[in-house]
file entry-v9.pdb (PDB, C-alpha atoms)
ATOM      1  CA  MET A   1      88.499  88.228 118.649  1.00  0.00           C
ATOM      2  CA  ASN A   2      90.825  91.231 118.497  1.00  0.00           C
ATOM      3  CA  SER A   3      88.624  94.340 118.656  1.00  0.00           C
ATOM      4  CA  ARG A   4      91.037  96.345 116.504  1.00  0.00           C
ATOM      5  CA  SER A   5      90.449  94.131 113.502  1.00  0.00           C
ATOM      6  CA  VAL A   6      86.646  93.812 113.338  1.00  0.00           C
ATOM      7  CA  LEU A   7      86.423  95.612 109.987  1.00  0.00           C
ATOM      8  CA  LEU A   8      89.428  93.826 108.602  1.00  0.00           C
ATOM      9  CA  GLN A   9      88.034  90.432 109.592  1.00  0.00           C
ATOM     10  CA  LEU A  10      84.894  91.205 107.639  1.00  0.00           C
ATOM     11  CA  LEU A  11      87.108  91.633 104.576  1.00  0.00           C
ATOM     12  CA  GLY A  12      89.363  88.652 105.075  1.00  0.00           C
ATOM     13  CA  GLY A  13      91.764  90.167 107.584  1.00  0.00           C
ATOM     14  CA  LYS A  14      93.802  92.403 105.310  1.00  0.00           C
ATOM     15  CA  SER A  15      93.975  96.202 105.221  1.00  0.00           C
ATOM     16  CA  SER A  16      94.812  95.966 101.502  1.00  0.00           C
ATOM     17  CA  ARG A  17      91.378  94.403 100.866  1.00  0.00           C
ATOM     18  CA  LEU A  18      89.686  97.183 102.817  1.00  0.00           C
ATOM     19  CA  ARG A  19      91.681  99.741 100.833  1.00  0.00           C
ATOM     20  CA  ARG A  20      90.616  98.184  97.524  1.00  0.00           C
ATOM     21  CA  TRP A  21      86.985  97.990  98.660  1.00  0.00           C
ATOM     22  CA  ILE A  22      86.964 101.672  99.686  1.00  0.00           C
ATOM     23  CA  ASN A  23      88.665 102.671  96.421  1.00  0.00           C
ATOM     24  CA  LEU A  24      85.842 100.987  94.494  1.00  0.00           C
ATOM     25  CA  TRP A  25      83.127 102.783  96.480  1.00  0.00           C
ATOM     26  CA  PRO A  26      81.261 104.788  93.799  1.00  0.00           C
ATOM     27  CA  PRO A  27      81.484 108.257  95.436  1.00  0.00           C
ATOM     28  CA  PHE A  28      85.265 107.921  95.808  1.00  0.00           C
ATOM     29  CA  LEU A  29      85.765 106.243  92.457  1.00  0.00           C
ATOM     30  CA  GLY A  30      83.760 108.937  90.679  1.00  0.00           C
ATOM     31  CA  ALA A  31      85.594 111.805  92.381  1.00  0.00           C
ATOM     32  CA  GLY A  32      89.016 110.267  91.806  1.00  0.00           C
ATOM     33  CA  ILE A  33      89.673 109.839  95.535  1.00  0.00           C
ATOM     34  CA  ARG A  34      92.182 107.075  96.250  1.00  0.00           C
ATOM     35  CA  VAL A  35      93.127 105.508  99.548  1.00  0.00           C
ATOM     36  CA  GLN A  36      96.880 105.018  99.292  1.00  0.00           C
ATOM     37  CA  HIS A  37      97.510 103.309 102.627  1.00  0.00           C
ATOM     38  CA  ILE A  38      95.628 101.805 105.554  1.00  0.00           C
ATOM     39  CA  ALA A  39      97.746 100.676 108.499  1.00  0.00           C
ATOM     40  CA  SER A  40      97.078  97.132 109.658  1.00  0.00           C
ATOM     41  CA  ASP A  41      96.089  98.485 113.092  1.00  0.00           C
ATOM     42  CA  MET A  42      93.641 100.979 111.514  1.00  0.00           C
ATOM     43  CA  LYS A  43      95.371 103.931 113.191  1.00  0.00           C
ATOM     44  CA  ALA A  44      96.628 105.556 110.003  1.00  0.00           C
ATOM     45  CA  VAL A  45      94.981 106.169 106.637  1.00  0.00           C
ATOM     46  CA  ASP A  46      96.436 108.167 103.741  1.00  0.00           C
ATOM     47  CA  VAL A  47      94.160 109.479 100.987  1.00  0.00           C
ATOM     48  CA  GLU A  48      94.866 111.462  97.823  1.00  0.00           C
ATOM     49  CA  MET A  49      92.988 113.011  94.954  1.00  0.00           C
ATOM     50  CA  LYS A  50      94.583 114.147  91.714  1.00  0.00           C
ATOM     51  CA  LEU A  51      93.082 117.100  89.896  1.00  0.00           C
ATOM     52  CA  ARG A  52      91.192 115.802  86.871  1.00  0.00           C
ATOM     53  CA  PHE A  53      88.628 117.381  84.570  1.00  0.00           C
ATOM     54  CA  TRP A  54      85.841 115.458  86.326  1.00  0.00           C
ATOM     55  CA  ASN A  55      86.709 116.741  89.806  1.00  0.00           C
ATOM     56  CA  ALA A  56      87.609 120.314  88.905  1.00  0.00           C
ATOM     57  CA  ASN A  57      85.319 123.242  89.539  1.00  0.00           C
ATOM     58  CA  TYR A  58      84.464 126.025  87.094  1.00  0.00           C
ATOM     59  CA  VAL A  59      87.793 127.826  87.688  1.00  0.00           C
ATOM     60  CA  GLY A  60      89.919 124.699  87.201  1.00  0.00           C
ATOM     61  CA  THR A  61      90.791 123.933  90.822  1.00  0.00           C
ATOM     62  CA  GLN A  62      89.749 121.052  93.071  1.00  0.00           C
ATOM     63  CA  PHE A  63      85.965 120.942  93.551  1.00  0.00           C
ATOM     64  CA  GLY A  64      85.172 121.730  97.191  1.00  0.00           C
ATOM     65  CA  GLY A  65      82.688 118.885  97.520  1.00  0.00           C
ATOM     66  CA  SER A  66      85.305 116.378  96.411  1.00  0.00           C
ATOM     67  CA  LEU A  67      87.795 117.803  98.920  1.00  0.00           C
ATOM     68  CA  PHE A  68      85.178 117.422 101.633  1.00  0.00           C
ATOM     69  CA  ALA A  69      84.342 113.883 100.472  1.00  0.00           C
ATOM     70  CA  MET A  70      88.020 112.909 100.860  1.00  0.00           C
ATOM     71  CA  THR A  71      87.526 113.079 104.615  1.00  0.00           C
ATOM     72  CA  ASP A  72      84.271 111.153 104.854  1.00  0.00           C
ATOM     73  CA  ALA A  73      84.055 108.236 107.256  1.00  0.00           C
ATOM     74  CA  PHE A  74      87.755 107.585 107.903  1.00  0.00           C
ATOM     75  CA  TYR A  75      87.833 108.603 111.551  1.00  0.00           C
ATOM     76  CA  MET A  76      84.561 106.741 112.086  1.00  0.00           C
ATOM     77  CA  LEU A  77      85.981 103.553 110.533  1.00  0.00           C
ATOM     78  CA  MET A  78      89.252 103.917 112.433  1.00  0.00           C
ATOM     79  CA  LEU A  79      87.438 104.304 115.760  1.00  0.00           C
ATOM     80  CA  MET A  80      85.063 101.421 115.005  1.00  0.00           C
ATOM     81  CA  ALA A  81      88.028  99.161 114.317  1.00  0.00           C
ATOM     82  CA  ASN A  82      89.971 100.249 117.398  1.00  0.00           C
ATOM     83  CA  LEU A  83      87.153 100.441 119.939  1.00  0.00           C
ATOM     84  CA  GLY A  84      85.538  97.172 118.870  1.00  0.00           C
ATOM     85  CA  ARG A  85      82.037  95.759 118.840  1.00  0.00           C
ATOM     86  CA  ASP A  86      81.052  97.091 122.268  1.00  0.00           C
ATOM     87  CA  TYR A  87      80.855 100.654 120.933  1.00  0.00           C
ATOM     88  CA  ILE A  88      78.613 102.529 118.511  1.00  0.00           C
ATOM     89  CA  VAL A  89      80.405 105.131 116.404  1.00  0.00           C
ATOM     90  CA  TRP A  90      78.792 107.623 114.019  1.00  0.00           C
ATOM     91  CA  ASP A  91      79.921 110.652 112.095  1.00  0.00           C
ATOM     92  CA  LYS A  92      77.818 113.446 113.562  1.00  0.00           C
ATOM     93  CA  ALA A  93      79.003 116.674 111.940  1.00  0.00           C
ATOM     94  CA  ALA A  94      81.809 118.110 109.896  1.00  0.00           C
ATOM     95  CA  THR A  95      83.032 121.524 108.852  1.00  0.00           C
ATOM     96  CA  ILE A  96      85.534 122.494 106.206  1.00  0.00           C
ATOM     97  CA  ARG A  97      87.590 125.651 106.077  1.00  0.00           C
ATOM     98  CA  TYR A  98      89.137 126.332 102.689  1.00  0.00           C
ATOM     99  CA  LYS A  99      92.531 128.043 102.909  1.00  0.00           C
ATOM    100  CA  LYS A 100      93.626 128.180  99.261  1.00  0.00           C
ATOM    101  CA  PRO A 101      92.713 126.559  95.941  1.00  0.00           C
ATOM    102  CA  GLY A 102      93.810 122.985  95.277  1.00  0.00           C
ATOM    103  CA  ARG A 103      95.633 123.021  91.955  1.00  0.00           C
ATOM    104  CA  GLY A 104      97.137 119.549  91.789  1.00  0.00           C
ATOM    105  CA  THR A 105      97.199 116.403  93.864  1.00  0.00           C
ATOM    106  CA  VAL A 106      95.752 116.848  97.332  1.00  0.00           C
ATOM    107  CA  ARG A 107      96.538 114.541 100.241  1.00  0.00           C
ATOM    108  CA  ALA A 108      95.049 113.903 103.679  1.00  0.00           C
ATOM    109  CA  GLU A 109      96.632 111.888 106.487  1.00  0.00           C
ATOM    110  CA  PHE A 110      94.326 110.522 109.187  1.00  0.00           C
ATOM    111  CA  ARG A 111      96.002 109.518 112.436  1.00  0.00           C
ATOM    112  CA  LEU A 112      94.542 108.014 115.584  1.00  0.00           C
ATOM    113  CA  SER A 113      96.701 107.656 118.693  1.00  0.00           C
ATOM    114  CA  ASP A 114      96.477 105.197 121.548  1.00  0.00           C
ATOM    115  CA  SER A 115      95.938 108.119 123.926  1.00  0.00           C
ATOM    116  CA  GLN A 116      92.914 109.304 121.908  1.00  0.00           C
ATOM    117  CA  ILE A 117      91.402 105.810 122.014  1.00  0.00           C
ATOM    118  CA  ASP A 118      92.139 105.478 125.748  1.00  0.00           C
ATOM    119  CA  ASP A 119      90.599 108.915 126.379  1.00  0.00           C
ATOM    120  CA  ILE A 120      87.361 107.915 124.649  1.00  0.00           C
ATOM    121  CA  ARG A 121      87.140 104.669 126.619  1.00  0.00           C
ATOM    122  CA  GLU A 122      87.798 106.520 129.885  1.00  0.00           C
ATOM    123  CA  LYS A 123      85.159 109.179 129.208  1.00  0.00           C
ATOM    124  CA  LEU A 124      82.567 106.544 128.351  1.00  0.00           C
ATOM    125  CA  LYS A 125      83.040 104.884 131.736  1.00  0.00           C
ATOM    126  CA  THR A 126      81.109 107.804 133.262  1.00  0.00           C
ATOM    127  CA  LEU A 127      79.303 109.451 130.341  1.00  0.00           C
ATOM    128  CA  PRO A 128      76.427 107.960 128.305  1.00  0.00           C
ATOM    129  CA  LYS A 129      77.972 109.354 125.112  1.00  0.00           C
ATOM    130  CA  TYR A 130      81.045 111.248 124.028  1.00  0.00           C
ATOM    131  CA  GLU A 131      81.566 113.413 120.959  1.00  0.00           C
ATOM    132  CA  PRO A 132      85.250 113.746 120.160  1.00  0.00           C
ATOM    133  CA  ALA A 133      86.436 116.080 117.420  1.00  0.00           C
ATOM    134  CA  PHE A 134      89.251 115.274 114.998  1.00  0.00           C
ATOM    135  CA  THR A 135      90.946 117.656 112.579  1.00  0.00           C
ATOM    136  CA  VAL A 136      92.535 116.637 109.300  1.00  0.00           C
ATOM    137  CA  GLU A 137      94.496 118.913 106.981  1.00  0.00           C
ATOM    138  CA  LEU A 138      94.311 118.624 103.209  1.00  0.00           C
ATOM    139  CA  ARG A 139      97.682 119.491 101.668  1.00  0.00           C
ATOM    140  CA  ASP A 140      98.846 120.180  98.133  1.00  0.00           C
ATOM    141  CA  ASN A 141     101.993 118.822  96.433  1.00  0.00           C
ATOM    142  CA  SER A 142     104.200 121.387  98.148  1.00  0.00           C
ATOM    143  CA  GLY A 143     102.799 120.537 101.587  1.00  0.00           C
ATOM    144  CA  LEU A 144     100.748 123.710 101.974  1.00  0.00           C
ATOM    145  CA  VAL A 145      97.434 123.361 103.773  1.00  0.00           C
ATOM    146  CA  ILE A 146      94.608 124.063 101.325  1.00  0.00           C
ATOM    147  CA  ALA A 147      91.768 123.091 103.677  1.00  0.00           C
ATOM    148  CA  GLU A 148      91.086 121.934 107.218  1.00  0.00           C
ATOM    149  CA  VAL A 149      88.234 119.621 108.091  1.00  0.00           C
ATOM    150  CA  GLU A 150      86.937 119.089 111.591  1.00  0.00           C
ATOM    151  CA  LYS A 151      84.995 115.875 112.126  1.00  0.00           C
ATOM    152  CA  LEU A 152      82.684 115.508 115.125  1.00  0.00           C
ATOM    153  CA  LEU A 153      81.921 111.894 116.013  1.00  0.00           C
ATOM    154  CA  HIS A 154      79.292 110.396 118.276  1.00  0.00           C
ATOM    155  CA  VAL A 155      80.501 107.469 120.391  1.00  0.00           C
ATOM    156  CA  ARG A 156      78.681 105.436 123.013  1.00  0.00           C
ATOM    157  CA  ARG A 157      78.875 101.995 124.540  1.00  0.00           C
ATOM    158  CA  LYS A 158      76.274  99.564 123.242  1.00  0.00           C
ATOM    159  CA  ASP A 159      75.222  98.794 126.795  1.00  0.00           C
ATOM    160  CA  SER A 160      74.588 102.478 127.561  1.00  0.00           C
ATOM    161  CA  PRO A 161      71.137 103.005 129.139  1.00  0.00           C
ATOM    162  CA  ASN A 162      70.418 106.027 126.922  1.00  0.00           C
ATOM    163  CA  LEU A 163      70.519 104.211 123.576  1.00  0.00           C
ATOM    164  CA  THR A 164      67.029 105.312 122.590  1.00  0.00           C
ATOM    165  CA  GLN A 165      67.722 109.018 123.020  1.00  0.00           C
ATOM    166  CA  LYS A 166      68.423 111.142 119.974  1.00  0.00           C
ATOM    167  CA  ARG A 167      72.004 111.844 119.095  1.00  0.00           C
TER     168      ARG A 167
END

call {"tool": "encode", "arguments": {"input": "entry-v9.pdb", "output": "structure tokens"}}
result
Amino acid sequence: MNSRSVLLQLLGGKSSRLRRWINLWPPFLGAGIRVQHIASDMKAVDVEMKLRFWNANYVGTQFGGSLFAMTDAFYMLMLMANLGRDYIVWDKAATIRYKKPGRGTVRAEFRLSDSQIDDIREKLKTLPKYEPAFTVELRDNSGLVIAEVEKLLHVRRKDSPNLTQKR
């Protein structure tokens, strides 16, 4: 079994099915968050959210919680798919830094490189766990950064002797 496609195999082997499933997830559906693209190798995901009355805050701009929700779980899912079943991956922490108000459609592009995946595998040859950080920028229609989100993930091998310790 190809370790990169574990998640896709659960959904019939197609990234389009995963995209549709995520788009129907109630928190995303309710906030108007839409996954536009998932690469077949799970190394790229593009997400957008249009400004609507149901996701606007009291001053008419993108609600901060919805902006934050746009970034939930993508790096975790991407790593799970690319590392395979021998690894445990969790979102551990996240921070958001708002730069300017979101007044229209906001987009986020998640990218995972081969070197990042290789680095995680290498570190876990000697460490019981590794906590890589990933940054994603949320951009408006003109390409300006309106927020930056840093995601801290927890990764360990399933056969790690320290599985029972707290994360």

call {"tool": "residues_around", "arguments": {"input": "entry-v9.pdb", "residues": "range 21-26 of chain A", "least_positions_apart": "4", "cutoff": "10 Å", "atoms": "all atoms listed in the file", "output": "PyMOL selection string"}}
result
chain A and resi 11+15-17+30-36+47

call {"tool": "closest_residue", "arguments": {"input": "entry-v9.pdb", "among": "A:Arg20, A:Arg156, A:Arg103, A:Lys123", "to": "Val59 in chain A", "atoms": "all atoms listed in the file"}}
result
A:Arg103

call {"tool": "closest_residue", "arguments": {"input": "entry-v9.pdb", "among": "A:Val106, A:Leu51, A:Met42, A:Val149", "to": "Met76 in chain A", "atoms": "all atoms listed in the file"}}
result
A:Met42

call {"tool": "closest_residue", "arguments": {"input": "entry-v9.pdb", "among": "A:Arg157, A:Lys43, A:Arg107, A:Lys125", "to": "Asn82 in chain A", "atoms": "all atoms listed in the file"}}
result
A:Lys43

call {"tool": "residues_near_point", "arguments": {"input": "entry-v9.pdb", "point": "(87.3, 105.4, 109.4)", "cutoff": "10 Å", "atoms": "all atoms listed in the file", "output": "CSV table (one decimal) with C-alpha atoms, keeping the file's coordinate frame"}}
result
chain,number,residue,atom,x,y,z
A,7,LEU,CA,86.4,95.6,110.0
A,38,ILE,CA,95.6,101.8,105.6
A,42,MET,CA,93.6,101.0,111.5
A,43,LYS,CA,95.4,103.9,113.2
A,44,ALA,CA,96.6,105.6,110.0
A,45,VAL,CA,95.0,106.2,106.6
A,71,THR,CA,87.5,113.1,104.6
A,72,ASP,CA,84.3,111.2,104.9
A,73,ALA,CA,84.1,108.2,107.3
A,74,PHE,CA,87.8,107.6,107.9
A,75,TYR,CA,87.8,108.6,111.6
A,76,MET,CA,84.6,106.7,112.1
A,77,LEU,CA,86.0,103.6,110.5
A,78,MET,CA,89.3,103.9,112.4
A,79,LEU,CA,87.4,104.3,115.8
A,80,MET,CA,85.1,101.4,115.0
A,81,ALA,CA,88.0,99.2,114.3
A,82,ASN,CA,90.0,100.2,117.4
A,89,VAL,CA,80.4,105.1,116.4
A,90,TRP,CA,78.8,107.6,114.0
A,91,ASP,CA,79.9,110.7,112.1
A,110,PHE,CA,94.3,110.5,109.2
A,112,LEU,CA,94.5,108.0,115.6

call {"tool": "resolve_selection", "arguments": {"input": "entry-v9.pdb", "expression": "the PyMOL selection byres ((chain A and resi 50) around 6)", "output": "ChimeraX atom specification"}}
result
/A:49,51,104-105

call {"tool": "atom_distance", "arguments": {"input": "entry-v9.pdb", "atom1": "CA of Ala108 in chain A", "atom2": "CA of Leu138 in chain A"}}
result
4.8 Å

call {"tool": "closest_residue", "arguments": {"input": "entry-v9.pdb", "among": "A:Asp41, A:Glu148, A:Asp46, A:Asp159", "to": "Arg97 in chain A", "atoms": "only C-alpha atoms"}}
result
A:Glu148

call {"tool": "closest_residue", "arguments": {"input": "entry-v9.pdb", "among": "A:Lys158, A:Lys100, A:Arg85, A:His37", "to": "Arg139 in chain A", "atoms": "all atoms listed in the file"}}
result
A:Lys100

call {"tool": "atom_distance", "arguments": {"input": "entry-v9.pdb", "atom1": "CA of Asp86 in chain A", "atom2": "CA of Ser115 in chain A"}}
result
18.6 Å

call {"tool": "closest_residue", "arguments": {"input": "entry-v9.pdb", "among": "A:Thr61, A:Gly84, A:Val145, A:Val155", "to": "Asp119 in chain A", "atoms": "all atoms listed in the file"}}
result
A:Val155

call {"tool": "atom_distance", "arguments": {"input": "entry-v9.pdb", "atom1": "CA of Glu122 in chain A", "atom2": "CA of Thr95 in chain A"}}
result
26.3 Å

call {"tool": "residues_around", "arguments": {"input": "entry-v9.pdb", "residues": "Ala133 in chain A", "least_positions_apart": "4", "cutoff": "7 Å", "atoms": "only C-alpha atoms", "output": "list in words"}}
result
Glu150, Lys151, Leu152 and Leu153 of chain A

call {"tool": "decode", "arguments": {"input": "entry-v9.pdb", "residues": "range 75-108 of chain A", "atoms": "N, CA and C atoms", "output": "PDB file, in the first residue's frame"}}
result
ATOM      1  N   TYR A  75      -2.577  20.668   7.561  1.00  0.00           N
ATOM      2  CA  TYR A  75      -1.213  20.145   7.657  1.00  0.00           C
ATOM      3  C   TYR A  75      -1.201  18.773   8.330  1.00  0.00           C
ATOM      4  N   MET A  76      -2.069  18.562   9.298  1.00  0.00           N
ATOM      5  CA  MET A  76      -2.155  17.256   9.944  1.00  0.00           C
ATOM      6  C   MET A  76      -2.556  16.186   8.913  1.00  0.00           C
ATOM      7  N   LEU A  77      -3.594  16.448   8.143  1.00  0.00           N
ATOM      8  CA  LEU A  77      -4.041  15.488   7.132  1.00  0.00           C
ATOM      9  C   LEU A  77      -2.975  15.250   6.063  1.00  0.00           C
ATOM     10  N   MET A  78      -2.305  16.315   5.663  1.00  0.00           N
ATOM     11  CA  MET A  78      -1.264  16.194   4.635  1.00  0.00           C
ATOM     12  C   MET A  78      -0.107  15.330   5.139  1.00  0.00           C
ATOM     13  N   LEU A  79       0.307  15.558   6.397  1.00  0.00           N
ATOM     14  CA  LEU A  79       1.385  14.749   6.960  1.00  0.00           C
ATOM     15  C   LEU A  79       0.951  13.299   7.158  1.00  0.00           C
ATOM     16  N   MET A  80      -0.268  13.091   7.643  1.00  0.00           N
ATOM     17  CA  MET A  80      -0.764  11.723   7.819  1.00  0.00           C
ATOM     18  C   MET A  80      -0.704  10.963   6.490  1.00  0.00           C
ATOM     19  N   ALA A  81      -1.138  11.607   5.439  1.00  0.00           N
ATOM     20  CA  ALA A  81      -1.164  10.960   4.128  1.00  0.00           C
ATOM     21  C   ALA A  81       0.235  10.685   3.601  1.00  0.00           C
ATOM     22  N   ASN A  82       1.179  11.593   3.874  1.00  0.00           N
ATOM     23  CA  ASN A  82       2.516  11.443   3.309  1.00  0.00           C
ATOM     24  C   ASN A  82       3.471  10.638   4.174  1.00  0.00           C
ATOM     25  N   LEU A  83       3.254  10.597   5.469  1.00  0.00           N
ATOM     26  CA  LEU A  83       4.104   9.781   6.333  1.00  0.00           C
ATOM     27  C   LEU A  83       3.628   8.330   6.385  1.00  0.00           C
ATOM     28  N   GLY A  84       2.327   8.126   6.315  1.00  0.00           N
ATOM     29  CA  GLY A  84       1.778   6.777   6.303  1.00  0.00           C
ATOM     30  C   GLY A  84       1.365   6.278   7.669  1.00  0.00           C
ATOM     31  N   ARG A  85       0.971   5.012   7.697  1.00  0.00           N
ATOM     32  CA  ARG A  85       0.373   4.408   8.885  1.00  0.00           C
ATOM     33  C   ARG A  85       1.342   4.151  10.032  1.00  0.00           C
ATOM     34  N   ASP A  86       2.625   4.271   9.797  1.00  0.00           N
ATOM     35  CA  ASP A  86       3.606   4.024  10.859  1.00  0.00           C
ATOM     36  C   ASP A  86       3.809   5.233  11.764  1.00  0.00           C
ATOM     37  N   TYR A  87       3.105   6.321  11.502  1.00  0.00           N
ATOM     38  CA  TYR A  87       3.285   7.555  12.255  1.00  0.00           C
ATOM     39  C   TYR A  87       1.959   8.025  12.859  1.00  0.00           C
ATOM     40  N   ILE A  88       2.065   8.676  13.994  1.00  0.00           N
ATOM     41  CA  ILE A  88       0.926   9.329  14.642  1.00  0.00           C
ATOM     42  C   ILE A  88       1.127  10.822  14.474  1.00  0.00           C
ATOM     43  N   VAL A  89       0.112  11.505  13.979  1.00  0.00           N
ATOM     44  CA  VAL A  89       0.200  12.945  13.735  1.00  0.00           C
ATOM     45  C   VAL A  89      -0.994  13.621  14.389  1.00  0.00           C
ATOM     46  N   TRP A  90      -0.721  14.655  15.163  1.00  0.00           N
ATOM     47  CA  TRP A  90      -1.779  15.451  15.809  1.00  0.00           C
ATOM     48  C   TRP A  90      -1.488  16.931  15.648  1.00  0.00           C
ATOM     49  N   ASP A  91      -2.552  17.717  15.518  1.00  0.00           N
ATOM     50  CA  ASP A  91      -2.409  19.158  15.700  1.00  0.00           C
ATOM     51  C   ASP A  91      -2.184  19.378  17.180  1.00  0.00           C
ATOM     52  N   LYS A  92      -1.193  20.166  17.540  1.00  0.00           N
ATOM     53  CA  LYS A  92      -0.903  20.390  18.956  1.00  0.00           C
ATOM     54  C   LYS A  92      -1.259  21.805  19.387  1.00  0.00           C
ATOM     55  N   ALA A  93      -0.915  22.790  18.564  1.00  0.00           N
ATOM     56  CA  ALA A  93      -1.186  24.182  18.925  1.00  0.00           C
ATOM     57  C   ALA A  93      -1.239  25.009  17.649  1.00  0.00           C
ATOM     58  N   ALA A  94      -1.834  26.163  17.777  1.00  0.00           N
ATOM     59  CA  ALA A  94      -1.879  27.087  16.646  1.00  0.00           C
ATOM     60  C   ALA A  94      -2.003  28.508  17.170  1.00  0.00           C
ATOM     61  N   THR A  95      -1.423  29.426  16.431  1.00  0.00           N
ATOM     62  CA  THR A  95      -1.570  30.846  16.749  1.00  0.00           C
ATOM     63  C   THR A  95      -1.911  31.578  15.469  1.00  0.00           C
ATOM     64  N   ILE A  96      -2.672  32.636  15.616  1.00  0.00           N
ATOM     65  CA  ILE A  96      -3.030  33.458  14.459  1.00  0.00           C
ATOM     66  C   ILE A  96      -2.625  34.895  14.758  1.00  0.00           C
ATOM     67  N   ARG A  97      -2.089  35.531  13.750  1.00  0.00           N
ATOM     68  CA  ARG A  97      -1.711  36.938  13.855  1.00  0.00           C
ATOM     69  C   ARG A  97      -2.462  37.678  12.743  1.00  0.00           C
ATOM     70  N   TYR A  98      -3.414  38.490  13.151  1.00  0.00           N
ATOM     71  CA  TYR A  98      -4.203  39.251  12.192  1.00  0.00           C
ATOM     72  C   TYR A  98      -3.385  40.457  11.738  1.00  0.00           C
ATOM     73  N   LYS A  99      -3.344  40.675  10.436  1.00  0.00           N
ATOM     74  CA  LYS A  99      -2.574  41.778   9.856  1.00  0.00           C
ATOM     75  C   LYS A  99      -3.478  42.923   9.408  1.00  0.00           C
ATOM     76  N   LYS A 100      -4.614  42.562   8.809  1.00  0.00           N
ATOM     77  CA  LYS A 100      -5.581  43.562   8.339  1.00  0.00           C
ATOM     78  C   LYS A 100      -6.929  42.883   8.168  1.00  0.00           C
ATOM     79  N   PRO A 101      -7.997  43.636   8.112  1.00  0.00           N
ATOM     80  CA  PRO A 101      -9.332  43.034   7.976  1.00  0.00           C
ATOM     81  C   PRO A 101      -9.509  42.324   6.634  1.00  0.00           C
ATOM     82  N   GLY A 102     -10.234  41.212   6.669  1.00  0.00           N
ATOM     83  CA  GLY A 102     -10.596  40.504   5.443  1.00  0.00           C
ATOM     84  C   GLY A 102     -11.927  41.056   4.955  1.00  0.00           C
ATOM     85  N   ARG A 103     -11.925  41.650   3.781  1.00  0.00           N
ATOM     86  CA  ARG A 103     -13.123  42.320   3.281  1.00  0.00           C
ATOM     87  C   ARG A 103     -13.780  41.613   2.102  1.00  0.00           C
ATOM     88  N   GLY A 104     -13.216  40.559   1.648  1.00  0.00           N
ATOM     89  CA  GLY A 104     -13.787  39.834   0.503  1.00  0.00           C
ATOM     90  C   GLY A 104     -13.444  38.365   0.626  1.00  0.00           C
ATOM     91  N   THR A 105     -13.116  37.760  -0.500  1.00  0.00           N
ATOM     92  CA  THR A 105     -12.711  36.360  -0.486  1.00  0.00           C
ATOM     93  C   THR A 105     -11.296  36.244   0.059  1.00  0.00           C
ATOM     94  N   VAL A 106     -11.117  35.290   0.949  1.00  0.00           N
ATOM     95  CA  VAL A 106      -9.812  35.034   1.554  1.00  0.00           C
ATOM     96  C   VAL A 106      -9.363  33.643   1.138  1.00  0.00           C
ATOM     97  N   ARG A 107      -8.076  33.512   0.831  1.00  0.00           N
ATOM     98  CA  ARG A 107      -7.536  32.232   0.385  1.00  0.00           C
ATOM     99  C   ARG A 107      -6.328  31.822   1.226  1.00  0.00           C
ATOM    100  N   ALA A 108      -6.146  30.519   1.355  1.00  0.00           N
ATOM    101  CA  ALA A 108      -4.970  29.957   2.021  1.00  0.00           C
ATOM    102  C   ALA A 108      -4.444  28.816   1.162  1.00  0.00           C
TER     103      ALA A 108
END
